[in-house]
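Peer 1: Attaching a single structure in structure tokens format; questions to follow.
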Amino acid sequence: MTEVTLEVQGVAATNPYRTAQRQFDQAADLLQLDPGLRAILRQVRREFTVNFPVRMDDNRIRMFTGYRVQHNLTRGPAKGGIRFHPEVSLDEVKALSMWMTWKCALTGLPYGGAKGGVICDPATLSVHELENLTRRFTSEMTVLIGPDSDIPAPDVNTNSQVMAWIMDTISMQRGYSVPATVTGKPLEIGGSEGRPAATGRGVMTVTMEACQRLQIAPEEATVAIQGFGNVGSVSADLMHQRGFRIVAVSDVFGGIYQPQGLDVPALLEHQRRTGRVAGFPGATAVSNAALLELPATILIPAALENQLTIHNAARVQARLIIEAANGPTTPEADEVFLQRGVTLIPDILANAGGVTVSYFEWVQDIQSFFWEEAEINDRLIRIMRRAYQQMEELATEHRTTLRMGAYCLAVKRVADATAVRGIYP
Ligand code: GLU
């Protein structure tokens with residue numbers, strides 16, 4: 001199989017860029033997209049690779065490799081997060097940049113798609129080393145980054161502090177403060193109310209929408225969440241508040257399971273104290289892989305790509321899957337879920353709450369006029385619900401899955417914008 005290029009824990013994993021292109025091809029077929037437009041949109045526009053030195057605490061110099069990829073800029077500046085992870089690769093970043101294009105088009109945000117990543121394990125770096133790495137990587141990317149051109153944001157293993165260093169580095173080079181150059185910043189320097197919880201709030205909103213349609217009452221639903229970072233933990237908290245029973249969660253160190261339902265506020269406190277979910281009193285240990293197959297009404301992968309594959313899709317017990325992570329499901333697993341009647345809310349909608357409030361942050365920074373959290377949450381929920389409904393309409397129109405409904409809408413918007421702008425020169 002040519003698709004298989006990576007080995008993760010002994011299991012052959014799918015190349016995410018191939019997944020992204022296969023998903024795009026499927027949508028292009030459904031839309032009967034013009035061959036020229038298809039050729040343009042199935043590739044990324046710019047791929048930037050940089051090898052850069054960082055002085056470590058022991059005074060030695062270590063080289064790192066980072067990427068920034070812009071898939072498309074037709075509908076506006078490129079937008080997308082930066083991740084720090086040992087398994088970052090160019091193809092992963094290319095896939096993630098393409099998914100950002102569709103996510104922004106689907107929600108109607110005036111952006112193209114981008115993504116960045118540095119191959120590193122932040123857990124092994126001191127705060128000082130992390131700051132040096134972030135600032136040097138930002139400096140290398142100066143040619144690309146700016147409020148009108150490309151606006152980074154947090155992603156896996158990056159947070160508001162990292163965004164502050166990015167904002168400061170760009171601002172020092174320009175000689176004045178440029179808050180709108182990056183989103184997900186601390187409030188003190190032009191961050192937005194509601195941004196830290198935005199992705200989780202979006203996840204909760206689409207889950208409620210899906211439950212309503214499937215006639216699942218929150219109080220009767222059990223939920224398993226893989227990943228307990230910003231997205232997974234906020235989703236768990238907000239859904240617990242809405243009456244859902246969160247029965248399993250996990251992080252990089254492993255997971256926990258309590259069929260009666262976890263006390264989420266106590267779990268958040270335990271995680272704050274110990275740095276992990278494992279060891280939470282009254283719950284049994286479960287692996288990240290086993291969590292996906294637990295008896296639960298709703299499964300929320302909120303970690304990395306390629307978690308739901310041909311190897312485990314048939315054993316997933318959930319009726320509803322909410323893709324809080326980017327690219328957690330391979331095309332083969334999608335097919336299994338379709339055949340088994342499992343409803344899947346695709347990543348480009350399910351986790352779009354983050355970039356939506358990033359957009360609000362950028363708008364507030366440009367206008368130097370800041371909104372209250374209630375207004376932000378209200379606008380976020382309206383955008384998520386509208387996109388959900390439009391996705392559903394397109395899925396019905398093309399007699400296809402919700403993923404392809406979302407893709408048809410997003411790809412058509414970018415294709416129409418490309419066609420009306422014309423091909424330069
Ligand atoms: N990293 C997030 C995502 O994958 C947020 C991107 C953004 O806010 O620009 O959607």
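A note on labels: chains of the structure tokens are A, B, ... as shown, every chain counts residues from 1, and ligands are counted from 1 in their shown order.
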Can you pull out every residue within 6 Å of region 189-204 of chain A, counting only C-alpha atoms, but drop anything in the same chain fewer than 6 positions away, and send it as a VMD selection string?
Peer 2: chain A and resid 179 231 234 to 235 350 to 351 353 to 354 357 361 373
Peer 1: Store the residues picked out above, limited to all heavy atoms, as a compact mmCIF listing (two decimals), in the first residue's frame.
Peer 2:
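The file below, out_18.txt, is the result:
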```txt
# COMPACT_ATOMS: atom_id res chain seq x y z
N PRO A 179 -0.16 43.43 17.67
CA PRO A 179 -0.93 42.36 18.33
C PRO A 179 -1.65 41.43 17.35
O PRO A 179 -1.74 40.23 17.59
CB PRO A 179 -1.93 43.10 19.22
CG PRO A 179 -1.78 44.55 18.95
CD PRO A 179 -0.56 44.78 18.11
N VAL A 231 -8.25 21.35 24.42
CA VAL A 231 -9.51 21.00 23.77
C VAL A 231 -10.28 19.95 24.57
O VAL A 231 -11.46 20.14 24.91
CB VAL A 231 -9.26 20.52 22.32
CG1 VAL A 231 -10.57 20.15 21.64
CG2 VAL A 231 -8.53 21.58 21.51
N VAL A 234 -11.47 21.23 28.25
CA VAL A 234 -12.57 22.21 28.24
C VAL A 234 -13.86 21.54 27.74
O VAL A 234 -14.94 21.78 28.28
CB VAL A 234 -12.22 23.46 27.38
CG1 VAL A 234 -13.41 24.38 27.26
CG2 VAL A 234 -11.03 24.20 27.97
N SER A 235 -13.73 20.68 26.72
CA SER A 235 -14.93 19.96 26.24
C SER A 235 -15.55 19.15 27.37
O SER A 235 -16.77 19.17 27.57
CB SER A 235 -14.58 19.02 25.08
OG SER A 235 -13.98 19.72 24.02
N ALA A 350 -16.10 20.35 13.74
CA ALA A 350 -16.13 20.09 15.19
C ALA A 350 -15.13 20.94 15.96
O ALA A 350 -15.42 21.39 17.07
CB ALA A 350 -15.88 18.60 15.45
N ASN A 351 -13.93 21.17 15.41
CA ASN A 351 -12.94 21.94 16.18
C ASN A 351 -12.76 23.36 15.65
O ASN A 351 -11.80 24.04 16.01
CB ASN A 351 -11.62 21.17 16.28
CG ASN A 351 -10.89 21.06 14.95
OD1 ASN A 351 -10.89 21.98 14.14
ND2 ASN A 351 -10.23 19.93 14.73
N GLY A 353 -14.27 25.99 16.44
CA GLY A 353 -14.53 27.05 17.43
C GLY A 353 -13.27 27.84 17.75
O GLY A 353 -13.32 29.06 17.98
N GLY A 354 -12.12 27.18 17.75
CA GLY A 354 -10.86 27.85 18.06
C GLY A 354 -10.53 28.93 17.06
O GLY A 354 -10.30 30.09 17.42
N VAL A 357 -12.93 32.03 17.16
CA VAL A 357 -12.65 33.08 18.15
C VAL A 357 -11.27 33.72 17.88
O VAL A 357 -11.05 34.88 18.21
CB VAL A 357 -12.84 32.58 19.60
CG1 VAL A 357 -12.48 33.67 20.61
CG2 VAL A 357 -14.29 32.15 19.80
N GLU A 361 -10.58 37.63 17.74
CA GLU A 361 -9.41 38.27 18.39
C GLU A 361 -8.69 39.19 17.38
O GLU A 361 -8.35 40.33 17.71
CB GLU A 361 -8.45 37.20 18.91
CG GLU A 361 -7.20 37.78 19.58
CD GLU A 361 -6.32 36.70 20.23
OE1 GLU A 361 -6.85 35.63 20.63
OE2 GLU A 361 -5.11 36.93 20.35
N GLU A 373 -17.17 38.77 26.93
CA GLU A 373 -17.18 37.33 26.68
C GLU A 373 -18.55 36.82 26.23
O GLU A 373 -18.63 35.96 25.34
CB GLU A 373 -16.71 36.54 27.91
CG GLU A 373 -16.60 35.08 27.58
CD GLU A 373 -15.97 34.21 28.64
OE1 GLU A 373 -15.52 34.74 29.68
OE2 GLU A 373 -15.94 32.99 28.42
```
Peer 1: Quick one: residues within 9 Å of ligand 1, with only C-alpha atoms and all ligand atoms, as a ChimeraX atom specification?
Peer 2: /A:78-83,96-97,99-100,103-104,113-115,151-156,182-184,195,199,325-326,347-348,351-359
Peer 1: Where does DSSP see strand (DSSP E) in region 127-308 of chain A, if you list the residues as a list in words?
Peer 2: Asp150, Ile151, Thr222, Val223, Ala224, Ile225, Gln226, Arg245, Ile246, Val247, Ala248, Val249, Ser250, Asp251, Gly254, Gly255, Ile256, Tyr257, Thr284, Ala285, Val286, Ile298, Leu299, Ile300 and Pro301 of chain A
Peer 1: Deliver the residues from the most recent selection as a file, using N, CA, C and O atoms, as a short mmCIF file (atom, residue, chain, number, x, y, z; two decimals), in the first residue's frame.
Peer 2:
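Done, and the output landed in part_10.cif:
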```cif
data_model
loop_
_atom_site.label_atom_id
_atom_site.label_comp_id
_atom_site.auth_asym_id
_atom_site.auth_seq_id
_atom_site.Cartn_x
_atom_site.Cartn_y
_atom_site.Cartn_z
N ASP A 150 -0.25 36.16 7.25
CA ASP A 150 -0.31 34.83 7.86
C ASP A 150 -0.32 34.99 9.37
O ASP A 150 0.60 35.60 9.93
N ILE A 151 -1.33 34.44 10.02
CA ILE A 151 -1.56 34.69 11.44
C ILE A 151 -1.54 33.37 12.23
O ILE A 151 -2.52 32.62 12.19
N THR A 222 -23.26 8.76 27.58
CA THR A 222 -21.93 8.63 28.17
C THR A 222 -20.90 9.06 27.12
O THR A 222 -21.11 8.88 25.92
N VAL A 223 -19.79 9.63 27.61
CA VAL A 223 -18.82 10.24 26.69
C VAL A 223 -17.40 9.79 27.04
O VAL A 223 -17.01 9.83 28.21
N ALA A 224 -16.64 9.36 26.03
CA ALA A 224 -15.21 9.05 26.21
C ALA A 224 -14.41 10.06 25.41
O ALA A 224 -14.71 10.31 24.24
N ILE A 225 -13.41 10.65 26.05
CA ILE A 225 -12.62 11.70 25.41
C ILE A 225 -11.15 11.31 25.41
O ILE A 225 -10.56 11.09 26.46
N GLN A 226 -10.56 11.20 24.21
CA GLN A 226 -9.13 10.91 24.11
C GLN A 226 -8.37 12.22 23.97
O GLN A 226 -8.54 12.94 23.00
N ARG A 245 -22.55 12.49 30.89
CA ARG A 245 -21.74 11.69 31.83
C ARG A 245 -20.41 11.36 31.14
O ARG A 245 -20.37 10.59 30.20
N ILE A 246 -19.32 11.99 31.62
CA ILE A 246 -18.00 11.75 31.04
C ILE A 246 -17.43 10.51 31.74
O ILE A 246 -17.14 10.55 32.94
N VAL A 247 -17.30 9.41 30.98
CA VAL A 247 -16.90 8.15 31.62
C VAL A 247 -15.42 7.83 31.45
O VAL A 247 -14.87 7.01 32.21
N ALA A 248 -14.77 8.42 30.47
CA ALA A 248 -13.34 8.12 30.27
C ALA A 248 -12.63 9.31 29.65
O ALA A 248 -13.19 9.99 28.80
N VAL A 249 -11.41 9.54 30.13
CA VAL A 249 -10.55 10.57 29.52
C VAL A 249 -9.12 10.04 29.54
O VAL A 249 -8.79 9.12 30.30
N SER A 250 -8.26 10.64 28.71
CA SER A 250 -6.86 10.20 28.71
C SER A 250 -5.95 11.36 28.33
O SER A 250 -6.42 12.38 27.80
N ASP A 251 -4.67 11.21 28.63
CA ASP A 251 -3.66 12.16 28.15
C ASP A 251 -2.45 11.34 27.71
O ASP A 251 -2.55 10.10 27.62
N GLY A 254 -1.69 8.16 29.69
CA GLY A 254 -2.66 7.08 29.80
C GLY A 254 -4.02 7.63 30.19
O GLY A 254 -4.18 8.85 30.34
N GLY A 255 -4.99 6.71 30.34
CA GLY A 255 -6.36 7.17 30.59
C GLY A 255 -6.98 6.57 31.83
O GLY A 255 -6.40 5.71 32.50
N ILE A 256 -8.20 7.04 32.13
CA ILE A 256 -8.97 6.53 33.26
C ILE A 256 -10.41 6.29 32.83
O ILE A 256 -10.91 6.97 31.93
N TYR A 257 -11.05 5.33 33.51
CA TYR A 257 -12.42 4.93 33.15
C TYR A 257 -13.25 4.78 34.41
O TYR A 257 -12.81 4.13 35.38
N THR A 284 -10.57 3.35 37.00
CA THR A 284 -9.61 2.34 36.60
C THR A 284 -8.74 2.85 35.44
O THR A 284 -9.22 3.63 34.63
N ALA A 285 -7.52 2.34 35.39
CA ALA A 285 -6.60 2.76 34.33
C ALA A 285 -7.01 2.13 33.00
O ALA A 285 -7.48 0.99 32.96
N VAL A 286 -6.84 2.88 31.93
CA VAL A 286 -7.16 2.37 30.60
C VAL A 286 -6.15 3.00 29.63
O VAL A 286 -5.71 4.13 29.85
N ILE A 298 -20.92 8.54 23.04
CA ILE A 298 -20.21 9.53 22.22
C ILE A 298 -18.70 9.36 22.42
O ILE A 298 -18.23 9.24 23.55
N LEU A 299 -17.97 9.34 21.33
CA LEU A 299 -16.51 9.28 21.39
C LEU A 299 -15.93 10.58 20.83
O LEU A 299 -16.31 11.00 19.74
N ILE A 300 -15.03 11.18 21.60
CA ILE A 300 -14.42 12.44 21.16
C ILE A 300 -12.90 12.29 21.09
O ILE A 300 -12.21 12.42 22.10
N PRO A 301 -12.35 11.98 19.91
CA PRO A 301 -10.89 12.00 19.80
C PRO A 301 -10.44 13.47 19.82
O PRO A 301 -10.87 14.26 18.98
#
```
Peer 1: Could you name the residues that touch Asp29 (chain A) at 12 Å or less, counting only C-alpha atoms, but leaving out those on the same chain fewer than 2 positions away, as a JSON list (two decimals) with C-alpha atoms, in the first residue's frame?
Peer 2:
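Output contents, as saved in result18.json:
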```
[["chain", "number", "residue", "atom", "x", "y", "z"],
["A", 22, "ARG", "CA", -8.16, 11.75, -0.70],
["A", 23, "GLN", "CA", -10.85, 13.63, 1.18],
["A", 24, "PHE", "CA", -10.46, 16.57, -1.21],
["A", 25, "ASP", "CA", -10.63, 14.29, -4.27],
["A", 26, "GLN", "CA", -13.86, 12.76, -3.02],
["A", 27, "ALA", "CA", -15.42, 16.22, -2.60],
["A", 31, "LEU", "CA", -18.88, 18.71, -6.98],
["A", 32, "GLN", "CA", -17.68, 17.76, -10.49],
["A", 33, "LEU", "CA", -15.06, 20.40, -9.97],
["A", 34, "ASP", "CA", -13.34, 21.94, -12.97],
["A", 35, "PRO", "CA", -10.02, 20.05, -13.54],
["A", 38, "ARG", "CA", -9.01, 20.77, -8.76],
["A", 398, "HIS", "CA", -25.19, 15.22, -2.50],
["A", 400, "THR", "CA", -23.22, 11.80, 1.24],
["A", 404, "MET", "CA", -18.33, 15.28, 2.54],
["A", 407, "TYR", "CA", -16.11, 19.50, 2.29],
["A", 408, "CYS", "CA", -18.49, 20.25, -0.58],
["A", 411, "VAL", "CA", -14.26, 23.45, -1.34],
["A", 412, "LYS", "CA", -16.98, 25.16, -3.41]]
```
Peer 1: Could you check the closest approach to Ala123 (chain A) for each of A:Met163, A:Val252, A:Val69, A:Ile423 and tell me which residue wins, using only C-alpha atoms?
Peer 2: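 The shortest atom-to-atom distance to Ala123 (chain A) comes from A:Val252.
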Peer 1: What does the structure give for the distance between CA of His85 (chain A) and CA of Phe228 (chain A), in Å to one decimal?
Peer 2: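 Separation between CA of His85 (chain A) and CA of Phe228 (chain A): 15.9 Å.
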Peer 1: Could you check which of A:Pro86, A:Pro77, A:Gly117, A:Pro110 is closest to Ile145 (chain A), using only C-alpha atoms?
Peer 2: A:Pro77
Peer 1: Fewer than 6 positions away in the same chain doesn't count, so skip those; otherwise give me all residues within 8 Å of region 166-177 of chain A, counting only C-alpha atoms, as a list of chain:residue names.
Peer 2: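 Once the adjacent positions are removed, what remains is A:Thr134, A:Arg135, A:Thr138, A:Ser139, A:Thr142.
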